[in-house]
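**Q** Here it is, the structure, as structure tokens.
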Amino acid sequence: MTKSIPKKDSSGTQETNIFANALKRLDEAAQFADIPPEALERLKHPKKMIQVSIPIRMDNGGLRIFQGYRVRHDHTRGPGKGGIRFHPNVNLDEVKALALWMTCKCAVMGLPFGGAKGGITVNPKELSRMELERLSRAYIARIAEFIGPKTDIPAPDVYTNPMIMGWMMMEYSKIAQEQSPAVITGKPIPLGGSLGREDATGRGGYYCIKELEEKKRWKPSKIRVAIQGFGNVGQNIARLLHADGYKIVAVSDSQGGIYKEEGFDIPSLIQNKNATRRLKAIYCTGSVCETIQVKSLSNKDLLELDVDILIPAALENQITEKNASKIKASNILELANGPITTEADKILNKKGVLVVPDILANGGGVTVSYFEWVQNNQGYYWSEEEVHAKLHTFMIREFNNVYHLMTNRKINMRTAAYVHALNRIGEAVEARGTSKYFLGNP
Ligand code: GLU
């Protein structure tokens with residue numbers, strides 16, 4: 001957990017019906033996809049859901065009861081796959097939407113998985129380390145029958161980290177009475193984690209930008225980038241882009257953002273952020289902000305900056321119908337899940353903004369999770385170079401598949417990514433036989 005918890009009103013508007021909104025995107029894309037209507041209908045209903053109450057003895061002796069969830073949205077293409085989120089805003093509707101996006105993400109990336117997601121409604125920053133361990137283990141004890149290396153494989157998501165994945169794997173192994181490293185991914189390396197998993201989401205997004213750079217003949221030193229969210233994902237893409245000469249002019253965390261016209265020195269910013277935990281504290285104590293020509297700005301202002309690439313890498317529903325018309329970036333790379341609402345999509349499309357959608361742009365994380373699962377199952381581990389090379393192959397293959405669908409079918413990149421996902425899910429459904437086949441009309 002590298003970030004502190006945003007207040008509700010600093011993370012944009014909270015959509016109440018996020019799952020219903022997520023379904024709208026499926027319907028839109030289905031018009032262009034080869035998917036039997038009955039398969040599309042199936043995707044509108046998550047396969048299995050569990051909600052658990054988790055009583056925890058707190059350090060002060062009191063008892064608190066937390067709510068936990070796990071949703072397996074679909075397993076047409078393989079076991080469910082997707083992270084576990086610890087956040088005060090976690091609710092069943094959100095977990096359902098996140099699970100649906102995982103189904104689509106795994107299909108876009110060509111991974112042999114369906115989609116799942118889990119979470120606990122909690123502000124982990126308020127817990128001691130011991131309380132956090134107890135909660136993580138107790139959650140797994142309650143959902144143990146629901147998950148497994150061949151049924152549903154969790155991973156980290158917002159405010160969960162490798163150590164938490166390690167505790168969860170150990171708890172599951174205790175219940176299963178066998179070592180089960182493949183039950184969960186994103187583990188610490190000594191507990192069966194994969195090299196290259198920690199920065200995989202940011203790195204996958206970086207490979208997408210490198211493809212765009214080639215197509216658009218960008219000169220990195222001329223390209224201005226703003227990044228919302230400076231946790232694991234935001235920091236890693238910033239580091240990789242900065243090393244290539246891109247100008248990172250603005251970054252923010254849940255407390256607010258900072259802006260520097262000539263671009264930040266990212267390695268020292270990362271070092272300071274991880275030491276002080278707050279971005280603004282690095283420059284903006286007293287009047288230091290002005291003297292070193294760093295301006296402080298809100299998360300809202302950051303989104304509306306005049307930059308070439310905007311990277312939302314925090315939470316969902318950041319760009320909505322309220323601020324979409326004010327967005328000036330011509331390219332958006334969605335490293336968060338669901339940062340742009342369906343209404344905002346329409347406005348951005350009209351403005352001609354190129355949005356590399358979440359189910360492709362942040363697919364690097366789950367792709368290396370897949371590699372971790374493969375390594376756990378075979379008991380043979382790869383070098384970091386091997387992981388990077390394989391991730392690169394997957395990312396650029398699927399980026400170009402989606403890009404070509406976009407240009408050939410004259411649809412936006414998000415719709416193209418959904419079409420690509422639906423086509424792959426459709427193929428798996430057709431292979432089992434649909435009404436068309438069973439009614440004698442193959
Ligand atoms: N939570 C990440 C995501 O939303 C990773 C999921 C995984 O590795 O299974 O893609």
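Every chain in the structure tokens takes a letter, A first, then B, and so on in the order presented; its residues are numbered from 1, and the ligands are numbered from 1 following the presented order.
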Report as a list in words which protein, DNA and RNA residues come within 6 Å of ligand 1, using only C-alpha atoms and all ligand atoms.

**A**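 If we count only C-alpha atoms and all ligand atoms, the neighbours of ligand 1 turn out to be Lys81, Gly82, Gly83, Pro154, Ala155, Pro156, Asp157, Gly363, Gly365, Val366 and Ser369 of chain A.
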
**Q** Return as a tab-separated table the residues of region 179-288 of chain A lying at most 9 Å from region 134-151 of chain A, together with the closest atom-to-atom pair for each and the distance in Å to one decimal, counting only C-alpha atoms, with rows in chain order and ascending residue number.

**A**
```
residue	atom	partner	partner_atom	distance
A:Ser180	CA	A:Pro149	CA	7.3
A:Pro181	CA	A:Pro149	CA	8.1
A:Ala182	CA	A:Pro149	CA	5.1
A:Val183	CA	A:Pro149	CA	4.1
A:Ile184	CA	A:Pro149	CA	7.3
```

**Q** Pull C-alpha atoms from the residues just selected and write them as a PDB file, in the first residue's frame.

**A**
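What ended up in result37.pdb:
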```pdb
ATOM      1  CA  SER A 180      -0.886 -23.919  -2.826  1.00  0.00           C
ATOM      2  CA  PRO A 181       1.203 -21.066  -4.255  1.00  0.00           C
ATOM      3  CA  ALA A 182      -0.935 -21.019  -7.439  1.00  0.00           C
ATOM      4  CA  VAL A 183      -4.063 -19.971  -5.501  1.00  0.00           C
ATOM      5  CA  ILE A 184      -3.045 -16.318  -5.541  1.00  0.00           C
TER       6      ILE A 184
END
```

**Q** Excluding same-chain residues fewer than 4 positions from region 395-402 of chain A, what lies within 7 Å of it counting only C-alpha atoms, as a ChimeraX atom specification?

**A** /A:108-109,204,207-208,364,391,406,413,416-417,420

**Q** Find the residues around Leu297 (chain A) up to 10 Å (only C-alpha atoms counted), leave out those fewer than 4 positions away in its own chain, and share them as a PyMOL selection string.

**A** chain A and resi 250-252+255-259+280+301-302

**Q** Store the residues picked out above, limited to N, CA and C atoms, as a short mmCIF file (atom, residue, chain, number, x, y, z; two decimals), in the first residue's frame.

**A**
```
data_model
loop_
_atom_site.label_atom_id
_atom_site.label_comp_id
_atom_site.auth_asym_id
_atom_site.auth_seq_id
_atom_site.Cartn_x
_atom_site.Cartn_y
_atom_site.Cartn_z
N ALA A 250 3.17 16.70 -14.37
CA ALA A 250 2.28 16.74 -13.21
C ALA A 250 2.03 15.33 -12.68
N VAL A 251 2.01 15.22 -11.35
CA VAL A 251 1.63 13.96 -10.71
C VAL A 251 0.78 14.31 -9.48
N SER A 252 -0.05 13.36 -9.07
CA SER A 252 -0.86 13.63 -7.88
C SER A 252 -1.05 12.36 -7.08
N GLN A 255 -3.90 13.28 -1.80
CA GLN A 255 -3.87 14.56 -1.09
C GLN A 255 -3.80 15.76 -2.03
N GLY A 256 -3.57 15.51 -3.32
CA GLY A 256 -3.45 16.61 -4.28
C GLY A 256 -2.23 16.41 -5.16
N GLY A 257 -2.00 17.39 -6.05
CA GLY A 257 -0.94 17.18 -7.04
C GLY A 257 0.09 18.29 -7.09
N ILE A 258 1.13 18.06 -7.89
CA ILE A 258 2.17 19.07 -8.10
C ILE A 258 2.45 19.17 -9.60
N TYR A 259 2.85 20.37 -10.02
CA TYR A 259 3.05 20.65 -11.44
C TYR A 259 4.39 21.36 -11.62
N LYS A 280 2.76 16.34 -1.98
CA LYS A 280 2.84 17.78 -1.81
C LYS A 280 3.85 18.16 -0.72
N ASP A 301 -7.80 19.64 -11.19
CA ASP A 301 -7.01 20.48 -12.10
C ASP A 301 -6.05 19.63 -12.93
N LEU A 302 -5.46 18.63 -12.30
CA LEU A 302 -4.50 17.79 -13.03
C LEU A 302 -5.16 17.17 -14.26
#
```

**Q** With only C-alpha atoms as the counted atoms, please give the residues lying no more than 9 Å from region 320-325 of chain A, apart from itself and same-chain residues fewer than 2 positions off, as a ChimeraX atom specification.

**A** /A:12-13,300,303-304,317-318,327-328,339-348,351

**Q** Which residue gives the smallest distance to Glu334 (chain A) among A:Trp167, A:Tyr206, A:Tyr403, A:Tyr381, with only C-alpha atoms counted?

**A** A:Tyr206

**Q** Taking only C-alpha atoms into account, name the residue in A:Asn423, A:Asn272, A:Thr415, A:Ser435 that is nearest to Ala33 (chain A).

**A**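 Using only C-alpha atoms, the shortest distance to Ala33 (chain A) belongs to A:Asn423.
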